$ cat work_25.cif   # mmCIF, C-alpha atoms
data_upload
#
loop_
_atom_site.label_atom_id
_atom_site.label_comp_id
_atom_site.auth_asym_id
_atom_site.auth_seq_id
_atom_site.Cartn_x
_atom_site.Cartn_y
_atom_site.Cartn_z
CA MET C 1 124.97 107.07 89.24
CA LYS C 2 123.22 110.25 90.37
CA HIS C 3 122.55 113.36 88.30
CA LYS C 4 121.17 116.55 89.79
CA CYS C 5 119.60 119.43 87.89
CA GLN C 6 117.54 122.44 88.87
CA ASP C 7 114.65 121.60 86.58
CA LEU C 8 113.82 119.41 83.60
CA ALA C 9 113.78 122.41 81.23
CA SER C 10 117.55 122.71 81.69
CA LEU C 11 118.16 119.27 80.13
CA ASN C 12 119.40 119.36 76.54
CA ALA C 13 119.36 116.88 73.64
CA TYR C 14 122.61 115.31 74.88
CA ASP C 15 121.06 114.66 78.31
CA ILE C 16 117.97 113.07 76.72
CA ALA C 17 120.17 110.88 74.49
CA PHE C 18 122.21 109.78 77.52
CA ILE C 19 119.07 108.79 79.47
CA VAL C 20 117.71 106.86 76.48
CA LYS C 21 121.06 105.08 76.10
CA GLN C 22 120.77 103.86 79.70
CA LEU C 23 117.24 102.60 79.04
CA ARG C 24 118.38 100.74 75.92
CA GLN C 25 121.08 99.08 78.01
CA ASP C 26 118.41 97.52 80.29
CA LYS C 27 119.03 99.98 83.12
CA VAL C 28 116.49 100.97 85.79
CA LEU C 29 116.20 104.71 86.36
CA ALA C 30 114.64 106.81 89.12
CA LEU C 31 113.06 109.70 87.21
CA PRO C 32 110.80 112.64 88.07
CA THR C 33 107.46 112.16 86.31
CA ASP C 34 104.49 114.47 85.83
CA THR C 35 103.10 113.07 89.09
CA ILE C 36 105.75 111.71 91.47
CA TYR C 37 109.23 110.17 91.35
CA GLY C 38 109.07 106.83 89.58
CA LEU C 39 111.16 103.79 88.82
CA SER C 40 111.36 103.43 85.06
CA CYS C 41 112.74 101.17 82.36
CA SER C 42 112.03 100.36 78.74
CA ALA C 43 108.82 98.38 78.29
CA THR C 44 110.75 96.08 75.95
CA SER C 45 113.35 95.10 78.57
CA ILE C 46 112.19 92.10 80.60
CA GLN C 47 115.56 92.12 82.39
CA ALA C 48 115.03 95.68 83.66
CA LEU C 49 111.38 94.97 84.48
CA ASN C 50 112.41 92.05 86.68
CA LYS C 51 114.92 94.29 88.46
CA ILE C 52 112.16 96.82 89.24
CA ILE C 53 110.05 93.99 90.70
CA LYS C 54 113.01 93.04 92.93
CA ILE C 55 113.78 96.65 93.93
CA LYS C 56 110.19 97.25 95.02
CA ASN C 57 109.71 93.74 96.43
CA ARG C 58 106.52 93.78 94.40
CA PRO C 59 104.13 90.86 93.72
CA ASN C 60 104.71 89.38 90.25
CA ASN C 61 101.01 89.60 89.34
CA LYS C 62 100.79 93.38 89.84
CA ARG C 63 101.31 95.23 86.57
CA PHE C 64 102.85 98.60 85.75
CA ILE C 65 101.78 101.82 84.05
CA LEU C 66 103.29 102.40 80.63
CA LEU C 67 103.97 105.97 79.54
CA VAL C 68 103.38 106.62 75.83
CA SER C 69 104.36 109.57 73.66
CA ASP C 70 101.10 109.93 71.70
CA LEU C 71 97.82 108.27 70.73
CA LYS C 72 99.48 106.40 67.87
CA MET C 73 101.78 104.61 70.31
CA ALA C 74 98.82 103.95 72.62
CA CYS C 75 96.93 102.27 69.76
CA PHE C 76 99.93 100.07 68.92
CA TRP C 77 100.00 98.70 72.47
CA ALA C 78 96.27 98.66 73.27
CA ASP C 79 93.19 97.58 71.32
CA ILE C 80 91.19 100.80 71.57
CA LYS C 81 87.65 101.18 70.19
CA LYS C 82 86.73 104.35 68.28
CA ASN C 83 84.42 105.75 70.99
CA THR C 84 86.99 105.01 73.68
CA LEU C 85 89.70 106.69 71.60
CA LYS C 86 87.62 109.88 71.48
CA ASP C 87 87.27 109.82 75.28
CA ILE C 88 90.97 109.21 75.81
CA LYS C 89 91.95 112.00 73.42
CA LYS C 90 89.66 114.45 75.21
CA ILE C 91 90.75 113.47 78.72
CA TRP C 92 94.46 113.46 77.85
CA GLN C 93 94.08 117.06 76.65
CA GLU C 94 92.94 118.06 80.14
CA ASP C 95 95.33 119.06 82.94
CA GLU C 96 94.97 116.08 85.28
CA PRO C 97 97.35 113.15 84.63
CA THR C 98 95.14 110.16 83.79
CA THR C 99 95.95 106.49 83.27
CA PHE C 100 93.67 104.21 81.27
CA ILE C 101 93.27 100.46 81.70
CA LEU C 102 92.65 99.00 78.23
CA LYS C 103 92.66 95.67 76.43
CA ALA C 104 96.23 94.95 75.34
CA GLN C 105 97.07 94.00 71.80
CA LYS C 106 97.60 90.23 71.51
CA TYR C 107 101.30 90.58 70.71
CA VAL C 108 102.08 92.54 73.91
CA GLU C 109 104.44 90.68 76.27
CA THR C 110 102.50 88.71 78.91
CA SER C 111 104.50 90.24 81.78
CA LEU C 112 103.07 93.68 80.90
CA LYS C 113 99.42 92.51 80.99
CA ASP C 114 97.20 91.74 83.96
CA GLU C 115 95.34 88.44 84.39
CA ASN C 116 92.53 89.78 82.17
CA GLY C 117 94.84 90.72 79.31
CA ASN C 118 94.72 94.45 80.08
CA ILE C 119 97.42 97.09 79.98
CA SER C 120 97.66 100.49 81.74
CA LEU C 121 98.68 103.49 79.62
CA ARG C 122 99.25 107.18 80.32
CA LEU C 123 100.26 110.10 78.13
CA PRO C 124 102.38 112.17 80.53
CA LYS C 125 102.03 115.92 80.93
CA SER C 126 105.81 116.26 80.97
CA ASP C 127 107.62 117.30 77.75
CA PHE C 128 110.74 115.69 79.23
CA LEU C 129 109.05 112.28 79.48
CA ILE C 130 107.48 112.56 76.04
CA LYS C 131 110.92 113.30 74.54
CA ILE C 132 112.36 110.27 76.34
CA VAL C 133 109.61 107.95 75.08
CA LYS C 134 109.79 109.29 71.51
CA GLU C 135 113.56 108.87 71.39
CA LEU C 136 113.29 105.40 72.95
CA GLY C 137 110.63 104.37 70.42
CA SER C 138 108.64 102.34 72.93
CA PRO C 139 106.72 103.01 76.16
CA LEU C 140 108.45 103.71 79.44
CA ILE C 141 107.45 101.56 82.38
CA SER C 142 106.66 103.75 85.37
CA THR C 143 105.90 102.79 88.95
CA SER C 144 106.10 104.80 92.16
CA LEU C 145 109.50 105.04 93.86
CA ASN C 146 108.93 103.02 97.02
CA LEU C 147 108.86 99.55 98.47
CA SER C 148 105.60 97.81 97.62
CA GLY C 149 102.90 98.76 100.12
CA GLN C 150 104.88 101.72 101.52
CA PRO C 151 104.24 105.47 100.89
CA PHE C 152 105.83 106.83 97.71
CA LEU C 153 108.99 108.89 98.12
CA LYS C 154 108.88 112.65 97.46
CA THR C 155 112.66 112.90 97.22
CA VAL C 156 115.49 110.73 95.89
CA LYS C 157 117.83 111.57 98.77
CA ASN C 158 119.18 108.67 100.82
CA LEU C 159 117.68 105.91 98.65
CA GLU C 160 120.21 103.53 100.18
CA LYS C 161 118.27 103.81 103.46
CA VAL C 162 115.09 102.58 101.73
CA PHE C 163 116.37 99.99 99.27
CA PRO C 164 119.11 97.35 99.70
CA ASP C 165 122.53 98.40 98.32
CA ASN C 166 122.42 95.71 95.63
CA LEU C 167 118.94 96.80 94.53
CA LEU C 168 119.34 100.52 93.93
CA PRO C 169 118.35 102.14 90.60
CA ASP C 170 121.20 102.23 88.07
CA MET C 171 120.70 105.98 87.61
CA VAL C 172 118.87 108.68 89.57
CA LEU C 173 117.79 112.07 88.19
CA ASP C 174 117.30 114.46 91.10
CA ILE C 175 115.35 117.71 90.62
CA GLY C 176 114.57 118.16 94.31
CA PRO C 177 111.40 117.29 96.25
CA LEU C 178 108.21 116.54 94.29
CA ASN C 179 104.82 117.13 95.90
CA GLY C 180 102.58 115.56 93.27
CA ALA C 181 100.15 112.66 93.61
CA PRO C 182 99.65 109.46 91.60
CA SER C 183 97.54 109.77 88.45
CA LYS C 184 93.81 109.22 88.18
CA ILE C 185 93.00 105.74 86.80
CA ILE C 186 89.99 104.95 84.60
CA ASP C 187 89.22 101.37 83.59
CA TYR C 188 88.00 101.14 79.98
CA SER C 189 88.46 97.38 79.66
CA GLY C 190 84.83 96.52 80.48
CA ASP C 191 81.43 97.46 79.09
CA LYS C 192 81.40 100.82 80.87
CA PRO C 193 84.29 103.08 81.96
CA MET C 194 84.93 103.02 85.72
CA GLN C 195 87.19 105.31 87.71
CA ILE C 196 89.18 103.24 90.20
CA ARG C 197 91.52 105.97 91.56
#

$ encode --input "work_25.cif" --output "structure tokens"
Amino acid sequence: MKHKCQDLASLNAYDIAFIVKQLRQDKVLALPTDTIYGLSCSATSIQALNKIIKIKNRPNNKRFILLVSDLKMACFWADIKKNTLKDIKKIWQEDEPTTFILKAQKYVETSLKDENGNISLRLPKSDFLIKIVKELGSPLISTSLNLSGQPFLKTVKNLEKVFPDNLLPDMVLDIGPLNGAPSKIIDYSGDKPMQIR
């Protein structure tokens, strides 16, 4: 199912509710993010997560970025120290989209954590995405729209030429070409923060 709109600002509450309904039904969506087009699903849907892994032909041990709606949600999913929280709050107020690698809370599903028990979180710069995550009530998994190891796609046209017919996203939101770049990544899981992208 493909939906086209001129820009995200034109989407209304009904559109947001429809997208969230798809996510709650374990669907995989191709959505414009604040960086690039991404494949997304609810972080609480293992079924949809496994479909994304199949769509991308991605190694099982490679984890995904989770988009959160605010610091409160970030703290529910990650064990964040006070000093780190101050850094995150400051950096997330800046213009550049930034993902943080953090120690996951113990109750977070294993499939969302890396081999060191870490999780990757980002507060998006997009009001559209924040509305989606708030309405959903849990983070949104986000990964670049591409086959693993291939360049990310700047458009959602002709996805059937990239992905097998039986492994296409359940829904695609097309706002035209996107010329962004993946987010900066800072690892806060160790003794000292380290920028890795």

$ residues_around --input "work_25.cif" --residues "Asp95 (chain C)" --least-positions-apart "6" --cutoff "12 Å" --atoms "all atoms listed in the file" --output "short mmCIF file (atom, residue, chain, number, x, y, z; two decimals) with C-alpha atoms, in the frame of the given file"
data_model
loop_
_atom_site.label_atom_id
_atom_site.label_comp_id
_atom_site.auth_asym_id
_atom_site.auth_seq_id
_atom_site.Cartn_x
_atom_site.Cartn_y
_atom_site.Cartn_z
CA ASP C 34 104.49 114.47 85.83
CA THR C 35 103.10 113.07 89.09
CA LEU C 123 100.26 110.10 78.13
CA PRO C 124 102.38 112.17 80.53
CA LYS C 125 102.03 115.92 80.93
CA SER C 126 105.81 116.26 80.97
CA SER C 183 97.54 109.77 88.45
CA LYS C 184 93.81 109.22 88.18
#

$ closest_residue --input "work_25.cif" --among "C:Ser111, C:Ser69, C:Thr33, C:Gln93" --to "Asn50 (chain C)" --atoms "all atoms listed in the file"
C:Ser111

$ closest_residue --input "work_25.cif" --among "C:Leu49, C:Leu31, C:Leu136, C:Leu167" --to "Met73 (chain C)" --atoms "only C-alpha atoms"
C:Leu136

$ closest_residue --input "work_25.cif" --among "C:Ile196, C:Ile52, C:Glu109, C:Ile91" --to "Ala30 (chain C)" --atoms "all atoms listed in the file"
C:Ile52

$ atom_distance --input "work_25.cif" --atom1 "CA of Phe64 (chain C)" --atom2 "CA of Asn83 (chain C)"
24.7 Å

$ closest_residue --input "work_25.cif" --among "C:Val108, C:Leu67, C:Ala48, C:Leu153" --to "Gly180 (chain C)" --atoms "all atoms listed in the file"
C:Leu153

$ residues_around --input "work_25.cif" --residues "region 190-195 of chain C" --least-positions-apart "5" --cutoff "9 Å" --atoms "all atoms listed in the file" --output "list of chain:residue names"
C:Thr84, C:Leu102, C:Lys103, C:Lys184, C:Ile185

$ resolve_selection --input "work_25.cif" --expression "the PyMOL selection byres ((chain C and resi 88) around 12)" --output "VMD selection string"
chain C and resid 70 to 72 74 to 75 80 to 87 89 to 94 97 to 102 121 to 123 185 to 188 193

$ atom_distance --input "work_25.cif" --atom1 "CA of Ala78 (chain C)" --atom2 "CA of Pro139 (chain C)"
11.7 Å

$ atom_distance --input "work_25.cif" --atom1 "CA of Asp26 (chain C)" --atom2 "CA of Asp170 (chain C)"
9.5 Å

$ closest_residue --input "work_25.cif" --among "C:Asp114, C:Ile36, C:Leu140, C:Ser42" --to "Phe152 (chain C)" --atoms "all atoms listed in the file"
C:Ile36

$ closest_residue --input "work_25.cif" --among "C:Ala181, C:Ile55, C:Ile65, C:Ile119" --to "Val162 (chain C)" --atoms "all atoms listed in the file"
C:Ile55

$ resolve_selection --input "work_25.cif" --expression "the PyMOL selection byres ((chain C and resi 132) around 12)" --output "VMD selection string"
chain C and resid 8 11 to 24 31 33 40 to 42 67 to 69 124 126 to 131 133 to 141

$ resolve_selection --input "work_25.cif" --expression "the PyMOL selection byres ((chain C and resi 147) around 12)" --output "list in words"
Gly38, Leu39, Ile52, Ile53, Lys54, Ile55, Lys56, Asn57, Arg58, Pro59, Thr143, Ser144, Leu145, Asn146, Ser148, Gly149, Gln150, Pro151, Phe152, Leu153, Leu159, Lys161, Val162, Phe163, Pro164, Leu167 and Leu168 of chain C

$ write_last_selection --input "work_25.cif" --atoms "C-alpha atoms" --output "PDB file, keeping the file's coordinate frame"
ATOM      1  CA  GLY C  38     109.070 106.830  89.580  1.00  0.00           C
ATOM      2  CA  LEU C  39     111.160 103.790  88.820  1.00  0.00           C
ATOM      3  CA  ILE C  52     112.160  96.820  89.240  1.00  0.00           C
ATOM      4  CA  ILE C  53     110.050  93.990  90.700  1.00  0.00           C
ATOM      5  CA  LYS C  54     113.010  93.040  92.930  1.00  0.00           C
ATOM      6  CA  ILE C  55     113.780  96.650  93.930  1.00  0.00           C
ATOM      7  CA  LYS C  56     110.190  97.250  95.020  1.00  0.00           C
ATOM      8  CA  ASN C  57     109.710  93.740  96.430  1.00  0.00           C
ATOM      9  CA  ARG C  58     106.520  93.780  94.400  1.00  0.00           C
ATOM     10  CA  PRO C  59     104.130  90.860  93.720  1.00  0.00           C
ATOM     11  CA  THR C 143     105.900 102.790  88.950  1.00  0.00           C
ATOM     12  CA  SER C 144     106.100 104.800  92.160  1.00  0.00           C
ATOM     13  CA  LEU C 145     109.500 105.040  93.860  1.00  0.00           C
ATOM     14  CA  ASN C 146     108.930 103.020  97.020  1.00  0.00           C
ATOM     15  CA  SER C 148     105.600  97.810  97.620  1.00  0.00           C
ATOM     16  CA  GLY C 149     102.900  98.760 100.120  1.00  0.00           C
ATOM     17  CA  GLN C 150     104.880 101.720 101.520  1.00  0.00           C
ATOM     18  CA  PRO C 151     104.240 105.470 100.890  1.00  0.00           C
ATOM     19  CA  PHE C 152     105.830 106.830  97.710  1.00  0.00           C
ATOM     20  CA  LEU C 153     108.990 108.890  98.120  1.00  0.00           C
ATOM     21  CA  LEU C 159     117.680 105.910  98.650  1.00  0.00           C
ATOM     22  CA  LYS C 161     118.270 103.810 103.460  1.00  0.00           C
ATOM     23  CA  VAL C 162     115.090 102.580 101.730  1.00  0.00           C
ATOM     24  CA  PHE C 163     116.370  99.990  99.270  1.00  0.00           C
ATOM     25  CA  PRO C 164     119.110  97.350  99.700  1.00  0.00           C
ATOM     26  CA  LEU C 167     118.940  96.800  94.530  1.00  0.00           C
ATOM     27  CA  LEU C 168     119.340 100.520  93.930  1.00  0.00           C
TER      28      LEU C 168
END

$ decode --input "work_25.cif" --residues "region 105-117 of chain C" --atoms "N, CA and C atoms" --output "short mmCIF file (atom, residue, chain, number, x, y, z; two decimals), in the first residue's frame"
data_model
loop_
_atom_site.label_atom_id
_atom_site.label_comp_id
_atom_site.auth_asym_id
_atom_site.auth_seq_id
_atom_site.Cartn_x
_atom_site.Cartn_y
_atom_site.Cartn_z
N GLN C 105 18.19 -1.11 29.47
CA GLN C 105 17.59 -1.61 30.70
C GLN C 105 17.49 -3.14 30.60
N LYS C 106 17.58 -3.81 31.74
CA LYS C 106 17.64 -5.27 31.76
C LYS C 106 16.40 -5.92 31.14
N TYR C 107 15.25 -5.24 31.24
CA TYR C 107 14.02 -5.86 30.74
C TYR C 107 13.81 -5.68 29.24
N VAL C 108 14.73 -4.96 28.56
CA VAL C 108 14.58 -4.75 27.11
C VAL C 108 14.80 -6.07 26.38
N GLU C 109 13.96 -6.33 25.39
CA GLU C 109 14.03 -7.56 24.59
C GLU C 109 15.44 -7.76 24.02
N THR C 110 15.94 -8.98 24.14
CA THR C 110 17.32 -9.31 23.72
C THR C 110 17.56 -8.96 22.26
N SER C 111 16.56 -9.15 21.40
CA SER C 111 16.75 -8.90 19.97
C SER C 111 16.99 -7.43 19.64
N LEU C 112 16.73 -6.53 20.60
CA LEU C 112 16.96 -5.10 20.38
C LEU C 112 18.32 -4.65 20.88
N LYS C 113 19.02 -5.54 21.61
CA LYS C 113 20.32 -5.19 22.21
C LYS C 113 21.46 -5.82 21.42
N ASP C 114 22.63 -5.18 21.47
CA ASP C 114 23.80 -5.79 20.84
C ASP C 114 24.42 -6.81 21.80
N GLU C 115 25.55 -7.39 21.39
CA GLU C 115 26.17 -8.45 22.20
C GLU C 115 26.68 -7.94 23.55
N ASN C 116 26.81 -6.62 23.69
CA ASN C 116 27.26 -6.02 24.95
C ASN C 116 26.11 -5.50 25.81
N GLY C 117 24.89 -5.77 25.37
CA GLY C 117 23.73 -5.32 26.13
C GLY C 117 23.41 -3.85 25.93
#
